[in-house]
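Source file: model34.txt. Holds: compact mmCIF, C-alpha atoms.
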# COMPACT_ATOMS: atom_id res chain seq x y z
CA MET J 1 7.47 -14.13 -26.42
CA ALA J 2 3.90 -14.93 -25.31
CA THR J 3 2.51 -18.29 -26.46
CA HIS J 4 -0.84 -18.70 -28.16
CA ASP J 5 -2.22 -20.49 -25.07
CA SER J 6 -1.07 -17.73 -22.69
CA MET J 7 -2.60 -15.06 -24.93
CA ASN J 8 -5.90 -16.96 -24.92
CA GLU J 9 -5.72 -17.22 -21.13
CA VAL J 10 -5.29 -13.45 -20.79
CA LYS J 11 -8.18 -12.82 -23.18
CA GLU J 12 -10.44 -15.22 -21.30
CA SER J 13 -9.53 -13.55 -17.99
CA GLN J 14 -10.40 -10.12 -19.38
CA ASP J 15 -13.71 -11.47 -20.72
CA VAL J 16 -14.55 -12.74 -17.22
CA TYR J 17 -14.11 -9.25 -15.78
CA LEU J 18 -16.29 -7.78 -18.50
CA SER J 19 -18.98 -10.33 -17.65
CA ASP J 20 -18.65 -9.63 -13.91
CA PHE J 21 -19.03 -5.91 -14.57
CA ALA J 22 -22.36 -6.50 -16.32
CA VAL J 23 -23.57 -8.25 -13.15
CA LEU J 24 -22.32 -5.36 -10.98
CA GLU J 25 -24.08 -2.84 -13.23
CA LYS J 26 -27.40 -4.55 -12.60
CA LYS J 27 -26.73 -4.62 -8.87
CA LEU J 28 -25.98 -0.88 -8.75
CA ALA J 29 -28.68 0.13 -11.23
CA THR J 30 -31.30 1.09 -8.62
CA GLY J 31 -29.07 3.04 -6.24
CA GLY J 32 -26.08 3.94 -8.38
CA VAL J 33 -24.63 7.43 -8.78
CA SER J 34 -24.81 8.62 -12.39
CA TRP J 35 -21.52 10.52 -12.47
CA LEU J 36 -19.69 7.59 -10.89
CA HIS J 37 -21.31 5.13 -13.26
CA GLN J 38 -19.76 6.96 -16.19
CA ILE J 39 -16.34 6.79 -14.53
CA ARG J 40 -16.78 3.08 -13.88
CA LYS J 41 -17.63 2.42 -17.53
CA ALA J 42 -14.69 4.48 -18.74
CA ALA J 43 -12.34 2.63 -16.40
CA LEU J 44 -13.54 -0.78 -17.57
CA GLU J 45 -13.22 0.25 -21.21
CA ARG J 46 -9.68 1.37 -20.48
CA PHE J 47 -8.90 -1.96 -18.81
CA ALA J 48 -10.19 -3.77 -21.89
CA VAL J 49 -7.67 -1.80 -23.96
CA LEU J 50 -4.74 -2.07 -21.54
CA GLY J 51 -5.10 -5.69 -20.51
CA PHE J 52 -3.05 -7.03 -17.64
CA PRO J 53 0.57 -5.84 -17.41
CA THR J 54 3.31 -8.18 -18.61
CA THR J 55 7.03 -8.49 -17.97
CA ARG J 56 7.62 -6.88 -21.36
CA GLN J 57 6.62 -3.56 -19.80
CA GLU J 58 9.47 -1.80 -17.98
CA ALA J 59 7.38 -0.99 -14.90
CA TRP J 60 6.52 -4.69 -14.53
CA ARG J 61 9.72 -6.21 -15.85
CA PHE J 62 10.47 -8.23 -12.70
CA THR J 63 6.92 -8.86 -11.46
CA ASN J 64 4.89 -11.53 -13.21
CA VAL J 65 1.15 -11.31 -12.54
CA ALA J 66 0.36 -14.53 -14.42
CA PRO J 67 -0.94 -16.26 -11.24
CA ILE J 68 -3.51 -13.47 -10.87
CA VAL J 69 -4.49 -13.63 -14.53
CA SER J 70 -4.87 -17.42 -14.58
CA THR J 71 -7.07 -17.66 -11.47
CA ARG J 72 -10.84 -17.35 -11.58
CA TRP J 73 -11.61 -14.93 -8.77
CA GLU J 74 -15.12 -14.90 -7.39
CA PRO J 75 -16.31 -11.55 -5.98
CA ALA J 76 -15.82 -11.66 -2.20
CA ARG J 77 -19.02 -11.81 -0.16
CA PRO J 78 -19.76 -9.97 3.10
CA ARG J 79 -19.39 -11.94 6.33
CA PRO J 80 -21.60 -11.64 9.43
CA ALA J 81 -19.92 -9.60 12.15
CA ASP J 82 -20.74 -12.03 14.97
CA SER J 83 -18.63 -14.75 13.33
CA LEU J 84 -15.58 -12.48 13.27
CA ALA J 85 -15.65 -10.63 16.59
CA GLU J 86 -13.40 -13.08 18.47
CA LYS J 87 -11.02 -13.56 15.55
CA LEU J 88 -10.67 -9.80 15.25
CA LYS J 89 -9.07 -9.60 18.69
CA ARG J 90 -6.25 -11.90 17.58
CA LEU J 91 -5.39 -10.05 14.38
CA PRO J 92 -2.11 -8.09 14.07
CA TYR J 93 -2.37 -4.52 15.39
CA ALA J 94 -6.04 -4.97 16.34
CA GLU J 95 -5.20 -3.89 19.88
CA LEU J 96 -4.04 -0.39 18.91
CA GLU J 97 -5.93 2.17 20.96
CA CYS J 98 -7.39 4.40 18.29
CA SER J 99 -10.61 4.88 16.35
CA ARG J 100 -11.08 1.91 14.07
CA LEU J 101 -13.02 1.30 10.87
CA VAL J 102 -13.24 -2.38 9.95
CA PHE J 103 -13.89 -3.68 6.44
CA VAL J 104 -14.58 -7.34 5.74
CA ASN J 105 -13.94 -8.40 2.16
CA GLY J 106 -13.90 -4.73 1.25
CA VAL J 107 -17.26 -3.87 2.87
CA TYR J 108 -17.63 -1.66 5.93
CA SER J 109 -18.72 -3.41 9.14
CA ARG J 110 -20.41 -0.99 11.51
CA GLU J 111 -20.68 -3.65 14.22
CA LEU J 112 -16.91 -4.24 14.32
CA SER J 113 -15.92 -0.57 14.05
CA SER J 114 -15.46 2.11 16.69
CA PRO J 115 -15.59 5.55 15.07
CA GLU J 116 -17.47 7.15 17.96
CA THR J 117 -14.23 8.18 19.71
CA LEU J 118 -13.43 10.67 16.95
CA PRO J 119 -13.85 14.39 17.71
CA ALA J 120 -16.88 16.25 16.45
CA GLY J 121 -16.65 17.39 12.84
CA VAL J 122 -14.65 14.42 11.56
CA LYS J 123 -16.45 12.30 8.97
CA ALA J 124 -15.22 8.70 9.02
CA GLY J 125 -17.03 5.65 7.75
CA SER J 126 -18.22 3.91 4.62
CA LEU J 127 -17.46 5.35 1.19
CA ALA J 128 -20.58 3.63 -0.14
CA ALA J 129 -22.67 5.44 2.48
CA ALA J 130 -21.06 8.77 1.58
CA LEU J 131 -21.91 8.17 -2.08
CA ALA J 132 -25.48 7.16 -1.25
CA GLY J 133 -25.85 10.30 0.87
CA GLU J 134 -24.43 12.41 -1.95
CA SER J 135 -21.71 13.94 0.21
CA PRO J 136 -20.70 17.14 -1.65
CA THR J 137 -16.97 16.58 -1.12
CA VAL J 138 -16.81 13.12 -2.71
CA GLN J 139 -17.47 13.91 -6.37
CA PRO J 140 -14.74 16.58 -6.76
CA HIS J 141 -12.07 14.15 -5.53
CA LEU J 142 -13.01 10.49 -5.98
CA ALA J 143 -11.17 8.88 -8.92
CA ARG J 144 -9.58 12.23 -9.84
CA TYR J 145 -5.99 11.48 -8.78
CA ALA J 146 -5.14 7.77 -8.99
CA GLY J 147 -5.19 7.55 -12.76
CA TYR J 148 -6.65 4.46 -14.39
CA GLN J 149 -5.72 5.50 -17.93
CA ASP J 150 -2.34 3.74 -17.79
CA HIS J 151 -2.79 1.30 -14.92
CA ALA J 152 -4.84 -1.87 -15.34
CA PHE J 153 -5.24 -2.65 -11.65
CA VAL J 154 -6.36 0.90 -10.81
CA ALA J 155 -8.80 0.65 -13.71
CA LEU J 156 -10.18 -2.62 -12.31
CA ASN J 157 -10.59 -1.09 -8.86
CA THR J 158 -12.30 2.00 -10.27
CA ALA J 159 -14.74 -0.15 -12.20
CA PHE J 160 -15.47 -2.71 -9.47
CA PHE J 161 -15.15 -1.10 -6.04
CA GLU J 162 -18.29 -1.19 -3.93
CA ASP J 163 -17.05 0.22 -0.64
CA GLY J 164 -14.05 1.42 1.34
CA ALA J 165 -13.24 4.22 3.72
CA PHE J 166 -14.25 7.86 3.46
CA ILE J 167 -12.56 10.25 5.88
CA GLU J 168 -12.90 14.02 5.90
CA ILE J 169 -10.98 16.09 8.46
CA PRO J 170 -12.16 19.70 8.86
CA ASN J 171 -9.88 22.71 8.47
CA GLY J 172 -7.70 23.34 11.49
CA LEU J 173 -8.58 20.16 13.38
CA VAL J 174 -5.75 18.21 15.04
CA LEU J 175 -6.35 14.51 15.78
CA ASP J 176 -4.42 13.26 18.81
CA LYS J 177 -4.69 9.58 17.79
CA PRO J 178 -4.64 7.82 14.42
CA ILE J 179 -7.64 6.45 12.56
CA HIS J 180 -7.13 2.73 11.90
CA LEU J 181 -8.57 1.29 8.69
CA LEU J 182 -8.49 -2.49 9.10
CA PHE J 183 -9.21 -4.56 5.98
CA ILE J 184 -9.90 -8.24 6.66
CA SER J 185 -10.09 -10.87 3.92
CA ALA J 186 -11.96 -14.14 4.40
CA ALA J 187 -12.03 -16.34 1.31
CA ASP J 188 -14.31 -19.15 2.57
CA GLY J 189 -12.32 -21.85 0.78
CA GLU J 190 -12.48 -20.42 -2.75
CA PRO J 191 -10.33 -17.79 -4.50
CA THR J 192 -12.03 -14.43 -4.03
CA VAL J 193 -11.26 -10.83 -4.94
CA SER J 194 -12.12 -7.52 -3.29
CA HIS J 195 -11.49 -3.98 -4.55
CA PRO J 196 -11.52 -1.61 -1.55
CA ARG J 197 -11.42 2.10 -2.39
CA ASN J 198 -10.46 4.81 0.11
CA LEU J 199 -10.77 8.58 -0.05
CA ILE J 200 -9.13 10.72 2.65
CA LEU J 201 -9.51 14.50 2.67
CA ALA J 202 -7.34 16.50 5.09
CA GLY J 203 -8.51 20.09 5.35
CA ARG J 204 -6.37 23.19 5.48
CA GLU J 205 -4.07 23.32 8.57
CA SER J 206 -5.37 20.00 9.89
CA GLN J 207 -3.20 17.24 11.35
CA ALA J 208 -3.94 13.52 11.25
CA ALA J 209 -2.45 10.03 11.14
CA ILE J 210 -4.05 7.16 9.24
CA ILE J 211 -3.19 3.46 9.53
CA GLU J 212 -4.30 1.25 6.64
CA GLY J 213 -3.84 -2.43 7.48
CA HIS J 214 -4.54 -5.50 5.36
CA VAL J 215 -4.70 -8.98 6.91
CA GLY J 216 -6.18 -12.39 6.19
CA LEU J 217 -8.21 -14.50 8.64
CA GLU J 218 -6.67 -17.75 7.44
CA GLU J 219 -3.87 -18.89 5.14
CA GLU J 220 -6.20 -18.76 2.15
CA ILE J 221 -5.92 -17.83 -1.51
CA TYR J 222 -7.49 -14.44 -2.22
CA PHE J 223 -6.74 -11.24 -4.12
CA THR J 224 -6.90 -7.72 -2.70
CA ASN J 225 -6.80 -4.85 -5.20
CA ALA J 226 -6.84 -1.60 -3.21
CA VAL J 227 -6.66 2.07 -4.18
CA THR J 228 -6.34 4.99 -1.75
CA GLU J 229 -6.47 8.68 -2.64
CA VAL J 230 -5.27 11.20 -0.04
CA VAL J 231 -5.85 14.91 -0.65
CA VAL J 232 -3.88 17.18 1.67
CA GLY J 233 -4.80 20.86 2.04
CA GLU J 234 -2.54 23.86 2.60
CA ASN J 235 -0.35 23.67 5.72
CA ALA J 236 -1.87 20.30 6.66
CA VAL J 237 0.20 17.48 8.17
CA VAL J 238 -0.61 13.82 7.43
CA ASP J 239 1.19 10.62 8.45
CA TYR J 240 0.03 7.57 6.49
CA TYR J 241 0.97 4.03 7.53
CA LYS J 242 0.32 1.14 5.14
CA LEU J 243 0.67 -2.30 6.77
CA GLU J 244 0.49 -5.30 4.45
CA ARG J 245 0.32 -8.65 6.29
CA GLU J 246 -1.81 -10.75 4.00
CA SER J 247 -2.01 -14.55 3.93
CA LYS J 248 1.13 -16.17 2.55
CA GLN J 249 -1.00 -17.52 -0.31
CA ALA J 250 -2.67 -14.21 -1.10
CA PHE J 251 -2.08 -11.60 -3.79
CA HIS J 252 -2.00 -7.90 -2.97
CA MET J 253 -2.01 -5.02 -5.44
CA ALA J 254 -2.28 -1.52 -4.00
CA THR J 255 -1.93 2.08 -5.13
CA LEU J 256 -1.63 5.02 -2.74
CA HIS J 257 -1.85 8.45 -4.36
CA VAL J 258 -1.12 11.57 -2.31
CA GLN J 259 -1.99 15.01 -3.68
CA GLN J 260 -0.32 17.85 -1.74
CA ALA J 261 -1.13 21.56 -1.62
CA ARG J 262 1.09 24.48 -0.64
CA ASP J 263 3.24 24.06 2.51
CA SER J 264 1.68 20.68 3.34
CA ASN J 265 3.74 17.94 4.99
CA VAL J 266 3.13 14.23 4.34
CA SER J 267 4.97 11.14 5.58
CA THR J 268 4.12 7.68 4.27
CA TYR J 269 5.34 4.37 5.67
CA ALA J 270 4.87 1.26 3.52
CA LEU J 271 5.54 -1.92 5.52
CA SER J 272 5.24 -5.27 3.71
CA SER J 273 5.76 -8.77 5.06
CA GLY J 274 2.85 -10.87 3.79
CA ALA J 275 1.34 -12.30 0.58
CA ALA J 276 2.82 -14.63 -1.99
CA LEU J 277 2.91 -11.69 -4.40
CA ALA J 278 2.55 -8.07 -3.30
CA ARG J 279 3.03 -4.81 -5.13
CA GLN J 280 2.65 -1.47 -3.40
CA GLU J 281 2.71 1.73 -5.42
CA VAL J 282 3.08 5.09 -3.70
CA ASN J 283 2.65 8.24 -5.79
CA ALA J 284 3.18 11.66 -4.23
CA VAL J 285 2.43 14.84 -6.20
CA LEU J 286 3.84 17.99 -4.61
CA ASP J 287 1.50 20.44 -6.30
CA GLY J 288 2.17 23.43 -4.08
CA GLN J 289 5.15 25.58 -3.19
CA GLY J 290 6.92 24.59 -0.01
CA ALA J 291 5.36 21.15 0.15
CA GLU J 292 7.33 18.41 1.92
CA CYS J 293 7.01 14.65 1.69
CA THR J 294 8.79 11.65 3.18
CA LEU J 295 8.39 8.17 1.73
CA ASP J 296 9.70 5.39 3.95
CA GLY J 297 9.34 1.67 3.37
CA LEU J 298 10.41 -1.66 4.83
CA TYR J 299 9.83 -5.01 3.13
CA VAL J 300 10.69 -8.34 4.75
CA ALA J 301 10.38 -11.47 2.64
CA ALA J 302 11.28 -15.16 2.99
CA SER J 303 10.55 -18.51 1.37
CA ARG J 304 9.33 -17.73 -2.20
CA GLN J 305 7.59 -14.44 -1.49
CA HIS J 306 7.75 -11.66 -4.07
CA ILE J 307 7.39 -8.03 -2.92
CA ASP J 308 7.44 -5.11 -5.36
CA ASN J 309 7.62 -1.44 -4.35
CA TYR J 310 7.06 1.15 -7.07
CA THR J 311 7.21 4.80 -6.02
CA THR J 312 7.00 8.16 -7.76
CA ILE J 313 7.54 11.63 -6.35
CA ASP J 314 6.42 14.40 -8.70
CA HIS J 315 7.82 17.85 -7.88
CA VAL J 316 5.39 20.14 -9.69
CA LYS J 317 5.99 23.43 -7.87
CA PRO J 318 9.20 25.12 -6.61
CA HIS J 319 10.73 25.15 -3.12
CA ALA J 320 9.55 21.64 -2.28
CA THR J 321 11.44 18.93 -0.39
CA SER J 322 11.27 15.15 -0.54
CA ARG J 323 13.08 12.36 1.28
CA GLU J 324 12.78 8.67 0.49
CA LEU J 325 14.26 5.65 2.26
CA TYR J 326 13.24 2.08 1.45
CA LYS J 327 14.93 -0.95 3.00
CA GLY J 328 14.53 -4.64 2.24
CA VAL J 329 15.41 -7.81 4.17
CA LEU J 330 15.27 -10.94 2.00
CA ASP J 331 15.78 -14.58 2.93
CA GLY J 332 15.15 -17.99 1.41
CA LYS J 333 14.31 -17.85 -2.29
CA SER J 334 12.36 -14.61 -1.98
CA ALA J 335 12.54 -11.79 -4.48
CA ALA J 336 11.91 -8.07 -4.25
CA VAL J 337 11.74 -5.10 -6.56
CA PHE J 338 12.30 -1.44 -5.83
CA HIS J 339 11.65 1.07 -8.60
CA GLY J 340 11.64 4.65 -7.39
CA ARG J 341 11.36 7.69 -9.62
CA ILE J 342 11.67 11.35 -8.68
CA THR J 343 10.53 13.83 -11.32
CA VAL J 344 11.37 17.53 -11.09
CA ARG J 345 9.34 19.56 -13.54
CA LYS J 346 10.59 22.55 -15.46
CA GLY J 347 9.16 25.16 -13.11
CA ALA J 348 10.07 23.36 -9.88
CA GLN J 349 13.22 25.32 -9.07
CA LYS J 350 14.85 25.04 -5.63
CA THR J 351 13.73 21.42 -5.31
CA ASP J 352 15.58 19.41 -2.66
CA ALA J 353 15.17 15.64 -3.13
CA LYS J 354 17.00 12.59 -1.82
CA GLN J 355 16.25 8.94 -2.53
CA SER J 356 17.87 5.81 -1.10
CA ASN J 357 17.20 2.08 -1.37
CA MET J 358 19.18 -0.38 0.78
CA ASN J 359 18.86 -4.17 0.78
CA LEU J 360 20.13 -6.95 3.03
CA LEU J 361 20.27 -10.46 1.56
CA LEU J 362 20.27 -13.21 4.18
CA SER J 363 20.64 -16.09 1.72
CA ASP J 364 22.43 -16.79 -1.54
CA ASP J 365 19.11 -17.55 -3.25
CA ALA J 366 17.37 -14.24 -2.45
CA THR J 367 17.06 -11.73 -5.30
CA ILE J 368 16.62 -7.96 -5.44
CA HIS J 369 16.07 -5.73 -8.46
CA THR J 370 16.58 -2.06 -7.61
CA LYS J 371 16.25 0.99 -9.82
CA PRO J 372 16.37 4.45 -8.24
CA GLN J 373 15.72 7.08 -10.89
CA LEU J 374 15.83 10.86 -11.31
CA GLU J 375 14.17 12.88 -14.09
CA ILE J 376 15.15 16.53 -13.75
CA TYR J 377 13.88 19.31 -16.01
CA ALA J 378 14.92 22.27 -13.83
CA ASP J 379 18.44 23.66 -13.40
CA ASP J 380 18.45 25.00 -9.82
CA VAL J 381 17.89 21.87 -7.75
CA LYS J 382 19.65 19.60 -5.27
CA CYS J 383 18.86 15.93 -5.95
CA THR J 384 20.62 12.66 -5.08
CA HIS J 385 19.77 8.99 -5.32
CA GLY J 386 21.44 5.65 -4.67
CA ALA J 387 21.03 1.97 -3.91
CA THR J 388 22.99 -0.70 -2.03
CA VAL J 389 22.77 -4.49 -1.93
CA GLY J 390 24.78 -6.56 0.53
CA GLN J 391 24.93 -9.29 3.10
CA ILE J 392 25.55 -9.19 6.85
CA ASN J 393 28.88 -7.57 7.58
CA PRO J 394 31.26 -10.41 8.56
CA GLU J 395 33.36 -8.08 10.73
CA ALA J 396 30.30 -6.99 12.73
CA LEU J 397 29.24 -10.62 13.03
CA PHE J 398 32.73 -11.61 14.23
CA TYR J 399 32.69 -8.79 16.79
CA LEU J 400 29.42 -9.99 18.32
CA ARG J 401 30.58 -13.63 18.26
CA SER J 402 33.74 -12.58 20.10
CA ARG J 403 31.47 -11.21 22.84
CA CYS J 404 30.03 -14.70 23.40
CA ILE J 405 26.83 -14.03 21.43
CA ALA J 406 25.52 -17.07 19.57
CA HIS J 407 25.73 -16.98 15.79
CA ALA J 408 21.96 -17.02 15.24
CA GLU J 409 21.37 -14.30 17.81
CA ALA J 410 24.14 -12.15 16.33
CA ARG J 411 22.53 -12.40 12.89
CA ARG J 412 19.16 -11.42 14.34
CA MET J 413 20.66 -8.41 16.10
CA LEU J 414 22.41 -7.14 12.97
CA THR J 415 19.32 -7.73 10.82
CA TYR J 416 17.12 -5.86 13.26
CA ALA J 417 19.62 -2.98 13.46
CA PHE J 418 19.46 -2.70 9.67
CA ALA J 419 15.64 -2.59 9.60
CA ASP J 420 15.26 -0.36 12.66
CA GLU J 421 16.29 2.76 10.74
CA VAL J 422 12.87 2.69 9.09
CA ILE J 423 10.85 1.48 12.08
CA SER J 424 12.38 4.13 14.37
CA ARG J 425 10.96 6.87 12.13
CA ILE J 426 7.38 5.87 12.95
CA LYS J 427 5.93 8.66 15.06
CA TYR J 428 3.03 6.82 16.67
CA GLU J 429 4.74 5.01 19.55
CA PRO J 430 2.26 2.11 20.10
CA LEU J 431 2.59 1.16 16.44
CA ARG J 432 6.36 1.53 16.53
CA VAL J 433 6.60 -0.77 19.56
CA ARG J 434 4.26 -3.32 18.00
CA LEU J 435 6.22 -3.40 14.75
CA THR J 436 9.48 -3.84 16.66
CA GLU J 437 8.01 -6.86 18.45
CA ALA J 438 6.65 -8.30 15.20
CA LEU J 439 10.01 -7.98 13.46
CA PHE J 440 11.85 -9.69 16.32
CA THR J 441 9.29 -12.49 16.35
CA ARG J 442 9.52 -13.02 12.61
CA LEU J 443 13.33 -13.09 12.63
CA THR J 444 13.38 -15.47 15.59
CA ASN J 445 10.82 -17.86 14.11
CA HIS J 446 12.45 -17.88 10.71
CA GLN J 447 15.90 -18.50 12.13
CA GLY J 448 14.49 -21.26 14.32
CA ALA J 449 12.91 -22.92 11.30
CA LYS J 450 16.22 -22.83 9.41
CA GLU J 451 18.12 -24.32 12.36
CA ALA J 452 15.56 -27.10 12.73

Can you give me the file's structure in the form of structure tokens?
Amino acid sequence: MATHDSMNEVKESQDVYLSDFAVLEKKLATGGVSWLHQIRKAALERFAVLGFPTTRQEAWRFTNVAPIVSTRWEPARPRPADSLAEKLKRLPYAELECSRLVFVNGVYSRELSSPETLPAGVKAGSLAAALAGESPTVQPHLARYAGYQDHAFVALNTAFFEDGAFIEIPNGLVLDKPIHLLFISAADGEPTVSHPRNLILAGRESQAAIIEGHVGLEEEIYFTNAVTEVVVGENAVVDYYKLERESKQAFHMATLHVQQARDSNVSTYALSSGAALARQEVNAVLDGQGAECTLDGLYVAASRQHIDNYTTIDHVKPHATSRELYKGVLDGKSAAVFHGRITVRKGAQKTDAKQSNMNLLLSDDATIHTKPQLEIYADDVKCTHGATVGQINPEALFYLRSRCIAHAEARRMLTYAFADEVISRIKYEPLRVRLTEALFTRLTNHQGAKEA
């Protein structure tokens, strides 16, 4: 039961956000968009009603956001591009050869970005600029899918976001390389918060891959609260990669909402290895006959990290297919949560859905809470779900040891083999190779630290 002091702390934290919003309103007053201003106000009012989630709510039962609530987060400030250019080269995945949009503390940096390699017709850049230019495709979609009515962090993002990525891919266009959205956080020695907002529109029969990466410049305390809405047209194909490698002292809350039309095909890959506390929500709505989606995820945690994955797949229309595989590797005193729900609505006959969550615990102190879930309201469907939790197979370990492989190396090999099922599904080869290297490095360094 919440104490009087903790209730006061929550109330004070909410009051701070209300005060900060009044400051933001004045800032946006001269160049704000009227229709968006009304949405912002509605979102903040909803946040005031909802408050921050607590462990008494089923969806947050194993994830305590008290450290976020109790910290006074200052709005993150832009950073000059010339002070970041060299550091950018050393960031994870910065070397990927694709068009790149860079955001520093949630704000687009034209100087650090390279969108000019994109084919003609593709719009890719700042969401704030698209709003200022009154792009006709923004209003019908922005804040229409990722609902803030029942989600406090989405409500906060909707009220407070100032910038993010806007991408619009024309009908029939096929991109041969991904677009890389790189979000960099730099706290400057004080706890800061940014609320990046992304809107991606994939036109009818288009094909594209998007990489959304979040990293920190230093091991600093900061809070990233991101929301991405992806709208996929008929017969379009989209691969979406979400890479979370925040500072080990950071907090990361993110919602990815995918809205699919008829015969569209979407694959998402949620890869988490950073932050002290991270929660990634992926919501896919199959709102067209014949739609297909694949949700894959890999989370790797050590020390006292806490990583939460919350996914929903909503089968609205018939003859749709979904596949979901999430795997976790946990060491030290880390904890993870997987809560996946597949809903098949009454009219969604001939649905074919499969969900699986598998976890490998490398220490006796690591903890996993897993809850795969089906809600089926149709009678002509094929749906399965399951979860496993285990440790390294001693027989496999003995086999490798009998082949003169050192104990630590044998454990690394078996751990990598477990995780590789997810990594091997990544279609973009340079990213797949880079993630393979990163996983090997992490496993090697962590094992070396334990042996020392």

- Message: Rounded to one decimal, what separation in Å do you get between atom CA of J:Phe440 and atom CA of J:Leu397?
- Response: 17.7 Å

What are the closest atom pairs, with distances in Å to one decimal, for each residue of stretch 334-425 of chain J lying within 10 Å of stretch 63-71 of chain J, using all atoms listed in the file, rows by chain and rising residue number, as a tab-separated table?
residue	atom	partner	partner_atom	distance
J:Ala335	CA	J:Thr63	CA	9.4
J:Ala336	CA	J:Thr63	CA	8.8
J:Val337	CA	J:Thr63	CA	7.8

Keeping only C-alpha atoms, write those residues as a compact mmCIF listing (two decimals), in the frame of the given file.
# COMPACT_ATOMS: atom_id res chain seq x y z
CA ALA J 335 12.54 -11.79 -4.48
CA ALA J 336 11.91 -8.07 -4.25
CA VAL J 337 11.74 -5.10 -6.56

- Message: Measuring between all atoms listed in the file, which one of J:Ser363, J:Gln259, J:Ser402, J:Thr343 shows the shortest distance to J:Tyr377?
- Response: J:Thr343

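Nearest-residue note for J:Ala187: choosing from J:Asp163, J:Glu111, J:Glu74, J:Glu95, the minimum distance belongs to J:Glu74, counting all atoms listed in the file.
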
- Task: One decimal, Å: what's the distance from atom CA of J:Lys350 over to atom CA of J:Ile200, could you say?
- Result: 29.1 Å

- Nearest to J:Leu295 among J:Leu101, J:Ala186, J:Val174, J:Val422, with distances taken over only C-alpha atoms: which residue is it?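 Counting only C-alpha atoms, the residue closest to J:Leu295 is J:Val422.
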
- Please, which residues are within 12 Å of (7.6, -3.6, 17.7) by the file's coordinates, counting all atoms listed in the file, and could they come as a list in words?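 These residues have at least one counted atom within 12 Å: Pro92, Tyr93, Tyr416, Ala419, Asp420, Val422, Ile423, Ser424, Ile426, Tyr428, Glu429, Pro430, Leu431, Arg432, Val433, Arg434, Leu435, Thr436, Glu437, Ala438, Leu439, Phe440, Thr441 and Arg442 of chain J.
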
- Residue with the minimum atom-to-atom distance to J:Lys354, picked from J:Ala165, J:Ala94, J:Ala408, J:Leu374 with all atoms listed in the file counted, is J:Leu374

- Message: As an exercise, work out the distance from atom CA of J:Val300 to atom CA of J:Gly189 in Å and give it to one decimal place.
- Response: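 We find that atom CA of J:Val300 and atom CA of J:Gly189 lie 27.0 Å from each other.
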
Near J:Asp314, counting only C-alpha atoms, which residues have an atom at most 7 Å away, once you skip same-chain residues fewer than 5 positions from it, shown as an mmCIF file with C-alpha atoms, in the frame of the given file?
data_model
loop_
_atom_site.group_PDB
_atom_site.id
_atom_site.type_symbol
_atom_site.label_atom_id
_atom_site.label_comp_id
_atom_site.auth_asym_id
_atom_site.auth_seq_id
_atom_site.Cartn_x
_atom_site.Cartn_y
_atom_site.Cartn_z
ATOM 1 C CA ALA J 284 3.180 11.660 -4.230
ATOM 2 C CA VAL J 285 2.430 14.840 -6.200
ATOM 3 C CA LEU J 286 3.840 17.990 -4.610
ATOM 4 C CA ILE J 342 11.670 11.350 -8.680
ATOM 5 C CA THR J 343 10.530 13.830 -11.320
ATOM 6 C CA VAL J 344 11.370 17.530 -11.090
#

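Using all atoms listed in the file, the smallest distance between any of J:His407, J:His257, J:Lys333, J:Lys41 and J:Ala276 comes from J:Lys333.
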